[in-house]
>>> print(open('target_27.csv').read())   # CSV, C-alpha atoms
chain,number,residue,atom,x,y,z
N,1,MET,CA,49.6,65.1,-153.1
N,2,SER,CA,47.8,61.8,-153.7
N,3,GLU,CA,44.7,61.1,-151.7
N,4,ALA,CA,45.5,59.1,-148.6
N,5,ALA,CA,43.5,56.0,-147.9
N,6,GLN,CA,41.1,56.2,-145.0
N,7,THR,CA,40.8,53.3,-142.6
N,8,LEU,CA,38.3,51.8,-140.3
N,9,ASP,CA,40.1,50.6,-137.2
N,10,GLY,CA,39.1,47.8,-134.8
N,11,TRP,CA,40.8,45.9,-132.1
N,12,TYR,CA,44.5,46.4,-131.4
N,13,CYS,CA,46.7,43.4,-132.0
N,14,LEU,CA,49.9,41.9,-130.5
N,15,HIS,CA,51.8,39.0,-132.1
N,16,ASP,CA,54.2,37.8,-129.4
N,17,PHE,CA,56.7,35.2,-130.5
N,18,ARG,CA,58.7,33.3,-127.9
N,19,THR,CA,61.6,30.8,-127.9
N,20,VAL,CA,61.7,28.3,-125.0
N,21,ASP,CA,65.0,27.9,-123.1
N,22,TRP,CA,64.7,24.1,-123.1
N,23,THR,CA,68.0,23.6,-121.3
N,24,THR,CA,67.0,25.6,-118.3
N,25,TRP,CA,63.4,24.3,-118.4
N,26,LYS,CA,64.6,20.7,-118.1
N,27,MET,CA,66.6,21.6,-115.0
N,28,LEU,CA,63.4,22.5,-113.1
N,29,PRO,CA,61.9,19.6,-111.1
N,30,GLU,CA,58.8,18.1,-112.7
N,31,ASP,CA,56.3,19.3,-109.9
N,32,GLU,CA,57.6,22.8,-110.3
N,33,ARG,CA,57.3,22.6,-114.1
N,34,GLN,CA,53.6,21.6,-113.7
N,35,THR,CA,53.1,24.6,-111.3
N,36,VAL,CA,54.5,26.9,-114.0
N,37,ILE,CA,52.2,25.3,-116.7
N,38,ASP,CA,49.1,25.7,-114.4
N,39,GLU,CA,49.9,29.3,-113.8
N,40,PHE,CA,50.1,29.9,-117.6
N,41,LEU,CA,46.9,28.1,-118.2
N,42,SER,CA,45.2,30.3,-115.6
N,43,LEU,CA,46.2,33.3,-117.7
N,44,VAL,CA,44.7,31.6,-120.8
N,45,GLU,CA,41.5,31.0,-118.8
N,46,LYS,CA,41.3,34.8,-118.2
N,47,TRP,CA,41.7,35.3,-121.9
N,48,ASN,CA,39.0,32.8,-122.6
N,49,ALA,CA,36.6,34.7,-120.3
N,50,THR,CA,37.4,37.9,-122.2
N,51,GLN,CA,36.7,36.2,-125.5
N,52,GLU,CA,33.4,34.8,-124.3
N,53,ARG,CA,32.3,38.4,-123.4
N,54,LYS,CA,33.4,39.4,-126.9
N,55,GLU,CA,35.8,42.0,-125.5
N,56,GLY,CA,38.8,40.6,-127.3
N,57,SER,CA,40.2,37.4,-128.7
N,58,HIS,CA,43.4,35.3,-128.7
N,59,ALA,CA,45.2,32.4,-130.4
N,60,LEU,CA,48.0,30.1,-129.4
N,61,TYR,CA,50.2,28.4,-132.0
N,62,THR,CA,53.5,26.5,-132.0
N,63,ILE,CA,55.9,27.8,-134.6
N,64,VAL,CA,57.7,25.5,-137.0
N,65,GLY,CA,61.4,26.3,-137.6
N,66,GLN,CA,64.0,28.1,-135.6
N,67,LYS,CA,62.5,31.6,-135.6
N,68,ALA,CA,60.4,30.9,-132.5
N,69,ASP,CA,58.8,28.1,-130.5
N,70,PHE,CA,55.3,29.5,-130.0
N,71,MET,CA,53.1,32.5,-130.7
N,72,MET,CA,50.5,34.3,-128.6
N,73,MET,CA,48.2,36.5,-130.8
N,74,ILE,CA,46.1,38.9,-128.7
N,75,LEU,CA,43.3,41.2,-129.7
N,76,ARG,CA,42.0,43.9,-127.4
N,77,PRO,CA,40.0,47.2,-127.6
N,78,THR,CA,42.9,49.3,-126.3
N,79,MET,CA,46.7,49.4,-126.6
N,80,GLU,CA,46.9,49.7,-122.8
N,81,GLU,CA,45.2,46.3,-122.5
N,82,LEU,CA,47.8,44.7,-124.8
N,83,ASN,CA,50.6,46.2,-122.7
N,84,GLU,CA,49.0,44.8,-119.5
N,85,ILE,CA,48.7,41.3,-121.0
N,86,GLU,CA,52.3,41.4,-122.2
N,87,THR,CA,53.5,42.6,-118.8
N,88,GLU,CA,51.4,40.0,-117.0
N,89,PHE,CA,53.0,37.2,-119.1
N,90,ASN,CA,56.4,38.7,-118.6
N,91,LYS,CA,55.9,38.5,-114.8
N,92,SER,CA,54.8,34.9,-115.0
N,93,LYS,CA,57.1,32.0,-114.2
N,94,LEU,CA,56.9,30.6,-117.7
N,95,ALA,CA,58.4,33.8,-119.1
N,96,GLU,CA,61.5,33.1,-117.1
N,97,PHE,CA,62.1,30.2,-119.4
N,98,THR,CA,61.4,32.0,-122.6
N,99,VAL,CA,63.3,34.5,-124.8
N,100,PRO,CA,61.5,37.1,-126.9
N,101,ALA,CA,62.0,36.1,-130.5
N,102,PHE,CA,59.8,38.6,-132.4
N,103,SER,CA,56.8,40.8,-131.8
N,104,TYR,CA,54.4,42.9,-133.9
N,105,VAL,CA,52.0,45.6,-132.9
N,106,SER,CA,49.1,46.7,-135.1
N,107,VAL,CA,45.4,47.4,-135.3
N,108,VAL,CA,42.8,45.4,-137.3
N,109,GLU,CA,41.8,47.6,-140.2
N,110,LEU,CA,39.7,48.0,-143.3
N,111,SER,CA,40.6,50.6,-145.9
N,112,ASN,CA,38.4,52.8,-148.2
N,113,TYR,CA,39.7,50.8,-151.1
N,114,LEU,CA,36.8,48.6,-150.3
N,115,PRO,CA,33.3,49.5,-151.6
N,116,SER,CA,30.9,51.2,-149.2
N,117,ASP,CA,27.1,50.9,-149.0
N,118,GLY,CA,26.7,54.2,-147.2
N,119,GLY,CA,25.7,54.7,-143.6
N,120,ASP,CA,27.8,54.2,-140.5
N,121,PRO,CA,30.2,51.4,-141.4
N,122,TYR,CA,30.8,50.6,-137.7
N,123,GLN,CA,27.1,49.6,-137.5
N,124,ASN,CA,27.4,47.2,-140.4
N,125,PRO,CA,27.5,43.6,-139.0
N,126,TYR,CA,29.9,42.5,-141.8
N,127,VAL,CA,32.3,45.3,-141.0
N,128,GLN,CA,32.0,44.6,-137.2
N,129,GLY,CA,32.9,41.0,-137.9
N,130,ARG,CA,36.0,42.1,-139.8
N,131,LEU,CA,37.2,44.7,-137.3
N,132,TYR,CA,36.4,42.8,-134.1
N,133,PRO,CA,37.1,39.1,-135.1
N,134,ILE,CA,37.0,36.1,-132.8
N,135,LEU,CA,40.1,34.3,-134.0
N,136,PRO,CA,39.4,31.0,-135.6
N,137,LYS,CA,40.8,27.8,-134.1
N,138,THR,CA,42.2,26.4,-137.4
N,139,LYS,CA,45.0,23.8,-137.5
N,140,HIS,CA,47.5,26.2,-139.0
N,141,VAL,CA,48.5,29.9,-138.9
N,142,CYS,CA,50.8,32.0,-141.1
N,143,PHE,CA,51.9,35.5,-140.2
N,144,TYR,CA,54.1,38.0,-142.1
N,145,PRO,CA,54.5,41.8,-142.2
N,146,MET,CA,54.6,43.7,-145.4
N,147,ASP,CA,55.1,47.2,-147.0
N,148,LYS,CA,54.0,48.9,-150.2
N,149,ARG,CA,57.1,49.8,-152.2
N,150,ARG,CA,58.2,53.5,-152.4
N,151,GLN,CA,61.0,53.4,-155.0
N,152,GLY,CA,61.3,55.4,-158.2
N,153,ASN,CA,58.4,54.7,-160.6
N,154,ASP,CA,57.2,51.9,-158.3
N,155,ASN,CA,55.9,54.2,-155.6
N,156,TRP,CA,52.5,53.0,-154.4
N,157,TYR,CA,51.8,56.2,-152.6
N,158,MET,CA,52.2,58.4,-155.7
N,159,LEU,CA,49.5,56.6,-157.6
N,160,PRO,CA,46.1,58.3,-157.9
N,161,MET,CA,43.4,56.9,-155.6
N,162,GLU,CA,41.3,55.5,-158.4
N,163,GLU,CA,44.3,53.5,-159.8
N,164,ARG,CA,45.1,52.1,-156.3
N,165,ARG,CA,41.4,51.2,-155.8
N,166,GLU,CA,41.3,49.3,-159.1
N,167,LEU,CA,44.5,47.5,-158.3
N,168,MET,CA,43.3,46.5,-154.9
N,169,LYS,CA,40.0,45.3,-156.3
N,170,SER,CA,41.9,42.9,-158.6
N,171,HIS,CA,44.1,41.9,-155.7
N,172,GLY,CA,41.1,41.2,-153.6
N,173,MET,CA,39.5,38.9,-156.2
N,174,ILE,CA,42.3,36.4,-155.7
N,175,GLY,CA,41.7,36.3,-152.0
N,176,ARG,CA,38.0,35.7,-152.6
N,177,GLN,CA,38.9,32.5,-154.4
N,178,TYR,CA,40.2,31.1,-151.1
N,179,ALA,CA,37.0,31.9,-149.2
N,180,GLY,CA,36.3,28.9,-146.9
N,181,LYS,CA,39.9,27.7,-147.2
N,182,VAL,CA,41.8,30.7,-145.7
N,183,LYS,CA,40.7,33.3,-143.2
N,184,GLN,CA,42.7,36.5,-143.5
N,185,ILE,CA,43.1,39.3,-140.9
N,186,ILE,CA,44.8,42.5,-142.0
N,187,SER,CA,46.2,44.7,-139.3
N,188,GLY,CA,47.6,48.2,-139.9
N,189,SER,CA,50.9,49.1,-138.3
N,190,VAL,CA,51.9,52.4,-139.8
N,191,GLY,CA,53.4,54.3,-136.9
N,192,PHE,CA,53.2,51.2,-134.7
N,193,ASP,CA,55.9,48.9,-136.0
N,194,ASP,CA,58.6,48.5,-138.6
N,195,TYR,CA,56.3,47.5,-141.5
N,196,GLU,CA,53.0,49.0,-142.7
N,197,TRP,CA,50.8,45.9,-142.3
N,198,GLY,CA,50.7,42.6,-140.6
N,199,VAL,CA,48.9,39.7,-142.4
N,200,THR,CA,47.6,36.7,-140.4
N,201,LEU,CA,46.3,33.8,-142.3
N,202,PHE,CA,44.3,30.8,-140.8
N,203,ALA,CA,43.6,27.5,-142.5
N,204,ASP,CA,43.1,23.8,-141.8
N,205,ASP,CA,45.2,22.9,-144.9
N,206,VAL,CA,48.6,24.4,-144.5
N,207,LEU,CA,49.3,24.1,-148.2
N,208,GLN,CA,46.7,26.8,-148.9
N,209,PHE,CA,49.1,29.4,-147.5
N,210,LYS,CA,51.6,28.6,-150.2
N,211,LYS,CA,49.0,28.6,-152.9
N,212,LEU,CA,47.4,31.9,-151.9
N,213,VAL,CA,50.7,33.8,-151.4
N,214,TYR,CA,52.2,32.3,-154.6
N,215,GLU,CA,49.2,33.3,-156.7
N,216,MET,CA,49.1,36.8,-155.3
N,217,ARG,CA,52.8,37.3,-156.1
N,218,PHE,CA,51.8,37.4,-159.8
N,219,ASP,CA,49.2,40.1,-159.2
N,220,GLU,CA,50.6,43.6,-159.9
N,221,VAL,CA,49.9,44.8,-156.3
N,222,SER,CA,52.4,42.3,-155.0
N,223,ALA,CA,54.6,41.8,-158.0
N,224,ARG,CA,55.3,45.5,-158.4
N,225,TYR,CA,54.6,47.1,-155.1
N,226,GLY,CA,54.8,44.4,-152.4
N,227,GLU,CA,57.7,44.2,-149.9
N,228,PHE,CA,57.6,41.3,-147.5
N,229,GLY,CA,59.1,40.6,-144.1
N,230,ALA,CA,59.8,37.2,-142.4
N,231,PHE,CA,57.1,34.5,-142.6
N,232,PHE,CA,56.1,32.5,-139.5
N,233,VAL,CA,54.0,29.4,-139.9
N,234,GLY,CA,52.7,27.1,-137.1
N,235,ASN,CA,50.3,24.6,-135.7
N,236,ILE,CA,47.5,25.3,-133.2
N,237,LEU,CA,48.3,24.8,-129.6
N,238,GLU,CA,45.1,23.8,-127.8
N,239,GLU,CA,45.0,24.3,-124.1
N,240,GLU,CA,44.9,20.6,-123.4
N,241,ARG,CA,48.2,20.2,-125.4
N,242,VAL,CA,50.1,22.9,-123.6
N,243,SER,CA,51.4,20.4,-121.0
N,244,THR,CA,52.4,18.0,-123.8
N,245,PHE,CA,54.2,20.7,-125.6
N,246,LEU,CA,56.2,21.7,-122.5
N,247,ARG,CA,56.8,18.1,-121.3
N,248,VAL,CA,60.4,17.1,-121.2
>>> encode(input="target_27.csv", output="structure tokens")
Amino acid sequence: MSEAAQTLDGWYCLHDFRTVDWTTWKMLPEDERQTVIDEFLSLVEKWNATQERKEGSHALYTIVGQKADFMMMILRPTMEELNEIETEFNKSKLAEFTVPAFSYVSVVELSNYLPSDGGDPYQNPYVQGRLYPILPKTKHVCFYPMDKRRQGNDNWYMLPMEERRELMKSHGMIGRQYAGKVKQIISGSVGFDDYEWGVTLFADDVLQFKKLVYEMRFDEVSARYGEFGAFFVGNILEEERVSTFLRV
């Protein structure tokens, strides 16, 4: 049996994608629509308070294309808290005018493919920043789930640990070339969702997503072993723009 990768695990993560029922939303009187918006913004204010205490983080983005209209990305210390937030939104008036489009459940992770300097990694400030991130407020986001292939001779999980570590080192070098341009959050979802990882990319220049993913496709880790799900790309939804987004 090949050696299994060990992971460091941080905050649990929920990507919640919603489609707005614009037809029904437009039937609501304007003053009632504003009440619904105010209720949602009060929820976001609670999330802001949690983020200020560094007990979690969140991001709101509108989604381009027909897969969804907006995304709520939530990070919390426990799976129960994610469930509570999801349920609280589902009980809100705004939820009555949305349809669930897609969701993804995972946990922010780092694997032992990365080098270690010894000691307790959870006390390392760099590791803490990776496992418990405050989500950046960049202009654009890109999310996609992915697997490592398990077919015939292209079975990632049958490779020796040292070979996997060398391949991931080469793979990671590509990502480092985009430091300062793209922030990447990897969350593990083995046993939590349909794929094995969720990848969330943040950037102010949306074209950097295409350049990064395209370049990585030529790396052996992706070219030979990568399996990708649907891609979602979107634009930041600042709180002050929520009313504009929902205005009809």
>>> closest_residue(input="target_27.csv", among="N:Glu30, N:Asp9, N:Glu215, N:Glu52", to="Ile134 (chain N)", atoms="all atoms listed in the file")
N:Glu52
>>> closest_residue(input="target_27.csv", among="N:Leu28, N:Met72, N:Met158, N:Leu135", to="Gln51 (chain N)", atoms="only C-alpha atoms")
N:Leu135
>>> closest_residue(input="target_27.csv", among="N:His171, N:Arg164, N:Lys137, N:Arg150", to="Glu239 (chain N)", atoms="only C-alpha atoms")
N:Lys137
>>> residues_around(input="target_27.csv", residues="Trp22 (chain N)", least_positions_apart="3", cutoff="8 Å", atoms="all atoms listed in the file", output="list of chain:residue names")
N:Trp25, N:Lys26, N:Phe97
>>> atom_distance(input="target_27.csv", atom1="CA of Arg217 (chain N)", atom2="CA of Ile174 (chain N)")
10.5 Å
>>> closest_residue(input="target_27.csv", among="N:Asp16, N:Tyr104, N:Arg130, N:Ile63", to="Phe245 (chain N)", atoms="all atoms listed in the file")
N:Ile63
>>> closest_residue(input="target_27.csv", among="N:Trp11, N:Phe228, N:Phe70, N:Tyr61", to="Pro136 (chain N)", atoms="all atoms listed in the file")
N:Tyr61
>>> residues_around(input="target_27.csv", residues="Pro77 (chain N)", least_positions_apart="4", cutoff="8 Å", atoms="only C-alpha atoms", output="list in words")
Gly10, Trp11, Tyr12, Glu55, Gly56 and Glu81 of chain N
>>> residues_near_point(input="target_27.csv", point="(49.8, 45.8, -161.0)", cutoff="9 Å", atoms="only C-alpha atoms", output="list in words")
Leu167, Met168, Ser170, His171, Phe218, Asp219, Glu220, Val221, Ser222, Ala223, Arg224 and Tyr225 of chain N
>>> closest_residue(input="target_27.csv", among="N:Met27, N:Val206, N:Ile236, N:Val105", to="Gly191 (chain N)", atoms="only C-alpha atoms")
N:Val105
>>> closest_atom_pairs(input="target_27.csv", of="region 135-214 of chain N", to="region 231-234 of chain N", cutoff="8 Å", atoms="only C-alpha atoms", output="Markdown table")
| residue | atom | partner | partner_atom | distance |
| --- | --- | --- | --- | --- |
| N:His140 | CA | N:Gly234 | CA | 5.6 |
| N:Val141 | CA | N:Gly234 | CA | 5.4 |
| N:Cys142 | CA | N:Val233 | CA | 4.3 |
| N:Phe143 | CA | N:Phe232 | CA | 5.2 |
| N:Tyr144 | CA | N:Phe231 | CA | 4.6 |
| N:Pro145 | CA | N:Phe231 | CA | 7.8 |
>>> write_last_selection(input="target_27.csv", atoms="C-alpha atoms", output="compact mmCIF listing (two decimals), keeping the file's coordinate frame")
# COMPACT_ATOMS: atom_id res chain seq x y z
CA HIS N 140 47.50 26.20 -139.00
CA VAL N 141 48.50 29.90 -138.90
CA CYS N 142 50.80 32.00 -141.10
CA PHE N 143 51.90 35.50 -140.20
CA TYR N 144 54.10 38.00 -142.10
CA PRO N 145 54.50 41.80 -142.20
>>> atom_distance(input="target_27.csv", atom1="CA of Asn153 (chain N)", atom2="CA of Glu196 (chain N)")
19.5 Å
>>> residues_around(input="target_27.csv", residues="Val20 (chain N)", least_positions_apart="4", cutoff="7 Å", atoms="all atoms listed in the file", output="number ranges by chain")
N: 69, 97-99
>>> write_last_selection(input="target_27.csv", atoms="C-alpha atoms", output="mmCIF file, keeping the file's coordinate frame")
data_model
loop_
_atom_site.group_PDB
_atom_site.id
_atom_site.type_symbol
_atom_site.label_atom_id
_atom_site.label_comp_id
_atom_site.auth_asym_id
_atom_site.auth_seq_id
_atom_site.Cartn_x
_atom_site.Cartn_y
_atom_site.Cartn_z
ATOM 1 C CA ASP N 69 58.800 28.100 -130.500
ATOM 2 C CA PHE N 97 62.100 30.200 -119.400
ATOM 3 C CA THR N 98 61.400 32.000 -122.600
ATOM 4 C CA VAL N 99 63.300 34.500 -124.800
#
>>> residues_around(input="target_27.csv", residues="Phe209 (chain N)", least_positions_apart="4", cutoff="9 Å", atoms="all atoms listed in the file", output="PyMOL selection string")
chain N and resi 141-142+182+201-203+205+213-214
>>> residues_around(input="target_27.csv", residues="Ser189 (chain N)", least_positions_apart="5", cutoff="8 Å", atoms="all atoms listed in the file", output="list of chain:residue names")
N:Val105, N:Ser106, N:Val107, N:Asp194, N:Tyr195, N:Glu196, N:Trp197, N:Gly198
>>> atom_distance(input="target_27.csv", atom1="CA of Glu45 (chain N)", atom2="CA of Leu237 (chain N)")
14.2 Å
